[in-house]
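In what follows, a single structure is set out as structure tokens and then discussed.
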Amino acid sequence: MLIAHLSDLHLGAQPTDRFDRVIAYIGSLREPVDAVLVTGDVADHGLDAEYAAFGRLRKLGVPVLAVPGNHDDPAAFRTDRAETVAGVLFALCDSSVPGHAEGWLDDGTLRWLDGTLAAAAGTPAFVCCHHPPVPVGKPAADQVRQLGAGRLADVLRRHPDVLAVLCGHVHSAAVGTFAGVPVLAAPGVESTMVLPWEPEDRPEPPPALAFHLVEDGRLTTHYRLCVP
């Protein structure tokens with residue numbers, strides 16, 4: 001199974017050329033992906049016109065799964081919910097908090113997640129949300145990560161079929177571990193975070209995405225720039 005993982009489109013913040021470049025890149029693949037996952041901040045202002053532009057992903061002809069971010073209108077999404085694609089379960093969780101940049105999985109979401117993973121025991125699964133549950137090494141980003149993440153860790157430890165936590169928010173291709181599970185953040189489509197050790201005036205990189213490949217229960221992730 002092959003998943004294209006995008007995040008932080010921020011449609012409406014600027015012209016859609018970077019988003020269009022990502023769509024063209026996915027459409028040019030020699031083998032189609034099985035699904036596209038978008039981990040939040042689809043829109044910059046939560047406007048109908050921004051979500052209408054997001055609909056252009058549908059022309060790829062594959063399932064499009066999405067969770068809300070802190071810039072989104074949660075009413076535009078169906079969470080918390082589970083989707084199974086090609087034998088892999090995607091647990092789509094809403095970590096957004098209205099009016100706040102930081103994230104939080106409420107008790108109802110965690111109960112739902114625990115029950116969903118238990119019911120799907122034996123099935124490879126991804127837990128998907130916008131906010132990473134771990135720090136990434138930049139203070140401004142770490143202050144607005146997912147708070148209270150120890151509660152999520154308790155759930156993950158009960159479910160060994162979880163392959164990874166898939167997230168976004170930090171506008172950086174980042175990899176960490178949490179509760180014994182990989183945390184894989186997709187790059188930002190709209191922009192890339194400047195890390196503390198990088199020059200502030202470095203050129204803006206092209207938009208990028210992650211490919212998650214699941215074979216025989218094993219996960220491999222590749223990050224790619226979407227160059228013209």
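Identifiers in the structure tokens: chain A, B, ... in order shown; residue index from 1 per chain; ligand index from 1 in order shown.
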
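The neighbours of Val175 in chain A here are the residues that come within 9 Å of it, using only C-alpha atoms and leaving out any residue fewer than 4 positions away in the same chain; they are Val136, Pro182, Val183, Leu184 and Ala185 of chain A.
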
List every residue of range 116-167 of chain A that DSSP, applied to the backbone of this structure, places in strand (DSSP E), and write the result as a ChimeraX atom specification. /A:125-128,146-147,162-167

Looking at A:Ala121, A:His71, A:Glu102, A:Ser172, which one is nearest to Met193 in chain A, with distances taken over only C-alpha atoms? A:Ser172

DSSP-assigned helix (DSSP H, G or I) among range 38-220 of chain A, expressed as a count of residues only: 41

What lies within 10 Å of Asp106 in chain A using only C-alpha atoms, ignoring chain neighbours under 6 positions off, as a tab-separated table (two decimals) with C-alpha atoms, in the first residue's frame?
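Result file is selection.tsv:
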```tsv
chain	number	residue	atom	x	y	z
A	93	CYS	CA	-8.54	12.33	15.02
A	94	ASP	CA	-9.36	16.00	15.56
A	95	SER	CA	-6.58	17.59	17.65
A	96	SER	CA	-7.67	21.17	16.94
A	97	VAL	CA	-8.87	23.49	19.71
A	148	GLY	CA	-1.49	16.26	27.28
A	151	ARG	CA	-2.87	10.29	27.52
A	152	LEU	CA	-2.36	9.33	23.87
```

Find the spatial neighbours of Pro187 in chain A, counting only C-alpha atoms, within a cut-off of 9 Å - ignore same-chain residues fewer than 3 positions away - and output them as a PyMOL selection string. chain A and resi 5-8+168-174+191-193+207-210+223

10 Å contact set for Pro32 in chain A, only C-alpha atoms, chain neighbours under 5 positions out, as a PyMOL selection string: chain A and resi 2-4+26-27+60-62

Which residues are close to Ala86 in chain A, i.e. within 10 Å by only C-alpha atoms, leaving aside same-chain residues fewer than 4 positions away? Reply as an mmCIF file with all heavy atoms, in the first residue's frame.
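What ended up in around_16.cif:
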```cif
data_model
loop_
_atom_site.group_PDB
_atom_site.id
_atom_site.type_symbol
_atom_site.label_atom_id
_atom_site.label_comp_id
_atom_site.auth_asym_id
_atom_site.auth_seq_id
_atom_site.Cartn_x
_atom_site.Cartn_y
_atom_site.Cartn_z
ATOM 1 N N MET A 1 0.843 -1.191 0.000
ATOM 2 C CA MET A 1 0.000 0.000 0.000
ATOM 3 C C MET A 1 0.879 1.241 0.000
ATOM 4 O O MET A 1 1.883 1.297 0.718
ATOM 5 C CB MET A 1 -0.899 0.025 1.227
ATOM 6 C CG MET A 1 -1.859 1.181 1.203
ATOM 7 S SD MET A 1 -2.437 1.681 2.811
ATOM 8 C CE MET A 1 -3.648 2.886 2.321
ATOM 9 N N LEU A 2 0.520 2.235 -0.807
ATOM 10 C CA LEU A 2 1.293 3.470 -0.924
ATOM 11 C C LEU A 2 0.399 4.659 -0.612
ATOM 12 O O LEU A 2 -0.667 4.822 -1.217
ATOM 13 C CB LEU A 2 1.876 3.592 -2.329
ATOM 14 C CG LEU A 2 2.760 4.811 -2.601
ATOM 15 C CD1 LEU A 2 4.011 4.788 -1.709
ATOM 16 C CD2 LEU A 2 3.165 4.863 -4.073
ATOM 17 N N ASP A 34 -2.510 4.653 -3.272
ATOM 18 C CA ASP A 34 -3.780 4.073 -2.843
ATOM 19 C C ASP A 34 -4.659 5.092 -2.123
ATOM 20 O O ASP A 34 -5.878 4.932 -2.073
ATOM 21 C CB ASP A 34 -3.528 2.879 -1.927
ATOM 22 C CG ASP A 34 -2.894 1.718 -2.671
ATOM 23 O OD1 ASP A 34 -3.594 1.094 -3.476
ATOM 24 O OD2 ASP A 34 -1.694 1.458 -2.472
ATOM 25 N N ALA A 35 -4.032 6.122 -1.556
ATOM 26 C CA ALA A 35 -4.792 7.150 -0.841
ATOM 27 C C ALA A 35 -3.917 8.385 -0.688
ATOM 28 O O ALA A 35 -2.682 8.305 -0.713
ATOM 29 C CB ALA A 35 -5.247 6.648 0.525
ATOM 30 N N VAL A 214 3.587 0.547 2.868
ATOM 31 C CA VAL A 214 3.322 -0.554 3.792
ATOM 32 C C VAL A 214 3.420 -1.854 3.014
ATOM 33 O O VAL A 214 2.649 -2.092 2.069
ATOM 34 C CB VAL A 214 1.936 -0.429 4.447
ATOM 35 C CG1 VAL A 214 1.702 -1.577 5.424
ATOM 36 C CG2 VAL A 214 1.797 0.913 5.166
#
```

Looking at A:Leu163, A:Leu57, A:Ala13, A:Leu147, which one is nearest to Thr220 in chain A, with distances taken over only C-alpha atoms?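 Residue with the minimum atom-to-atom distance to Thr220 in chain A: A:Leu163.
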
Just checking: using only C-alpha atoms, which residue out of A:Pro68, A:Pro124, A:Gly40, A:Gly99 ends up closest to Glu83 in chain A?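 Of all the options, A:Pro124 lies closest to Glu83 in chain A.
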
Would you kindly return, as a PyMOL selection string, each protein, DNA or RNA residue with an atom no farther than 10 Å from any atom of Leu65 in chain A, considering only C-alpha atoms and excluding same-chain residues fewer than 2 positions away? chain A and resi 5+35-39+62-63+67+77-78+82-83+90+92+128

Store the residues picked out above, limited to N, CA, C and O atoms, as a PDB file, in the first residue's frame.
```
ATOM      1  N   HIS A   5       1.257  11.606   1.679  1.00  0.00           N
ATOM      2  CA  HIS A   5       0.918  12.335   2.904  1.00  0.00           C
ATOM      3  C   HIS A   5       1.312  13.801   2.733  1.00  0.00           C
ATOM      4  O   HIS A   5       2.496  14.135   2.583  1.00  0.00           O
ATOM      5  N   ALA A  35      -4.032   6.122  -1.556  1.00  0.00           N
ATOM      6  CA  ALA A  35      -4.792   7.150  -0.841  1.00  0.00           C
ATOM      7  C   ALA A  35      -3.917   8.385  -0.688  1.00  0.00           C
ATOM      8  O   ALA A  35      -2.682   8.305  -0.713  1.00  0.00           O
ATOM      9  N   VAL A  36      -4.572   9.519  -0.522  1.00  0.00           N
ATOM     10  CA  VAL A  36      -3.904  10.764  -0.148  1.00  0.00           C
ATOM     11  C   VAL A  36      -4.398  11.148   1.242  1.00  0.00           C
ATOM     12  O   VAL A  36      -5.608  11.205   1.484  1.00  0.00           O
ATOM     13  N   LEU A  37      -3.465  11.386   2.154  1.00  0.00           N
ATOM     14  CA  LEU A  37      -3.784  11.819   3.514  1.00  0.00           C
ATOM     15  C   LEU A  37      -3.310  13.252   3.691  1.00  0.00           C
ATOM     16  O   LEU A  37      -2.154  13.578   3.361  1.00  0.00           O
ATOM     17  N   VAL A  38      -4.179  14.111   4.223  1.00  0.00           N
ATOM     18  CA  VAL A  38      -3.836  15.506   4.490  1.00  0.00           C
ATOM     19  C   VAL A  38      -4.040  15.761   5.980  1.00  0.00           C
ATOM     20  O   VAL A  38      -5.167  15.692   6.476  1.00  0.00           O
ATOM     21  N   THR A  39      -2.937  16.085   6.685  1.00  0.00           N
ATOM     22  CA  THR A  39      -3.021  16.215   8.141  1.00  0.00           C
ATOM     23  C   THR A  39      -3.135  17.671   8.589  1.00  0.00           C
ATOM     24  O   THR A  39      -2.347  18.173   9.372  1.00  0.00           O
ATOM     25  N   VAL A  62      -8.420   8.858  -6.264  1.00  0.00           N
ATOM     26  CA  VAL A  62      -8.122   7.962  -5.147  1.00  0.00           C
ATOM     27  C   VAL A  62      -8.757   8.543  -3.886  1.00  0.00           C
ATOM     28  O   VAL A  62      -9.091   9.736  -3.838  1.00  0.00           O
ATOM     29  N   PRO A  63      -8.955   7.716  -2.835  1.00  0.00           N
ATOM     30  CA  PRO A  63      -9.515   8.263  -1.600  1.00  0.00           C
ATOM     31  C   PRO A  63      -8.661   9.396  -1.040  1.00  0.00           C
ATOM     32  O   PRO A  63      -7.420   9.315  -1.033  1.00  0.00           O
ATOM     33  N   VAL A  67      -7.798  15.493   8.142  1.00  0.00           N
ATOM     34  CA  VAL A  67      -8.148  15.900   9.501  1.00  0.00           C
ATOM     35  C   VAL A  67      -7.983  17.417   9.595  1.00  0.00           C
ATOM     36  O   VAL A  67      -7.217  18.018   8.838  1.00  0.00           O
ATOM     37  N   PHE A  77     -15.021  18.864   8.318  1.00  0.00           N
ATOM     38  CA  PHE A  77     -14.399  17.544   8.357  1.00  0.00           C
ATOM     39  C   PHE A  77     -15.297  16.565   9.100  1.00  0.00           C
ATOM     40  O   PHE A  77     -16.060  16.952   9.983  1.00  0.00           O
ATOM     41  N   ARG A  78     -15.145  15.285   8.760  1.00  0.00           N
ATOM     42  CA  ARG A  78     -15.851  14.226   9.484  1.00  0.00           C
ATOM     43  C   ARG A  78     -14.842  13.506  10.375  1.00  0.00           C
ATOM     44  O   ARG A  78     -14.135  12.594   9.943  1.00  0.00           O
ATOM     45  N   ALA A  82     -12.919   6.375  11.367  1.00  0.00           N
ATOM     46  CA  ALA A  82     -11.922   5.426  10.880  1.00  0.00           C
ATOM     47  C   ALA A  82     -12.226   5.094   9.423  1.00  0.00           C
ATOM     48  O   ALA A  82     -13.387   4.938   9.040  1.00  0.00           O
ATOM     49  N   GLU A  83     -11.188   4.997   8.629  1.00  0.00           N
ATOM     50  CA  GLU A  83     -11.294   4.589   7.236  1.00  0.00           C
ATOM     51  C   GLU A  83     -10.297   3.452   7.007  1.00  0.00           C
ATOM     52  O   GLU A  83      -9.154   3.521   7.472  1.00  0.00           O
ATOM     53  N   PHE A  90      -7.007   3.803   9.026  1.00  0.00           N
ATOM     54  CA  PHE A  90      -6.629   5.181   9.325  1.00  0.00           C
ATOM     55  C   PHE A  90      -7.592   5.696  10.394  1.00  0.00           C
ATOM     56  O   PHE A  90      -8.787   5.840  10.129  1.00  0.00           O
ATOM     57  N   LEU A  92      -8.693   8.792  12.132  1.00  0.00           N
ATOM     58  CA  LEU A  92      -8.608  10.226  11.845  1.00  0.00           C
ATOM     59  C   LEU A  92      -9.124  10.999  13.049  1.00  0.00           C
ATOM     60  O   LEU A  92     -10.321  10.984  13.337  1.00  0.00           O
ATOM     61  N   CYS A 128      -3.856   9.411  12.932  1.00  0.00           N
ATOM     62  CA  CYS A 128      -3.640  10.624  12.145  1.00  0.00           C
ATOM     63  C   CYS A 128      -4.227  11.830  12.874  1.00  0.00           C
ATOM     64  O   CYS A 128      -5.389  11.808  13.280  1.00  0.00           O
TER      65      CYS A 128
END
```
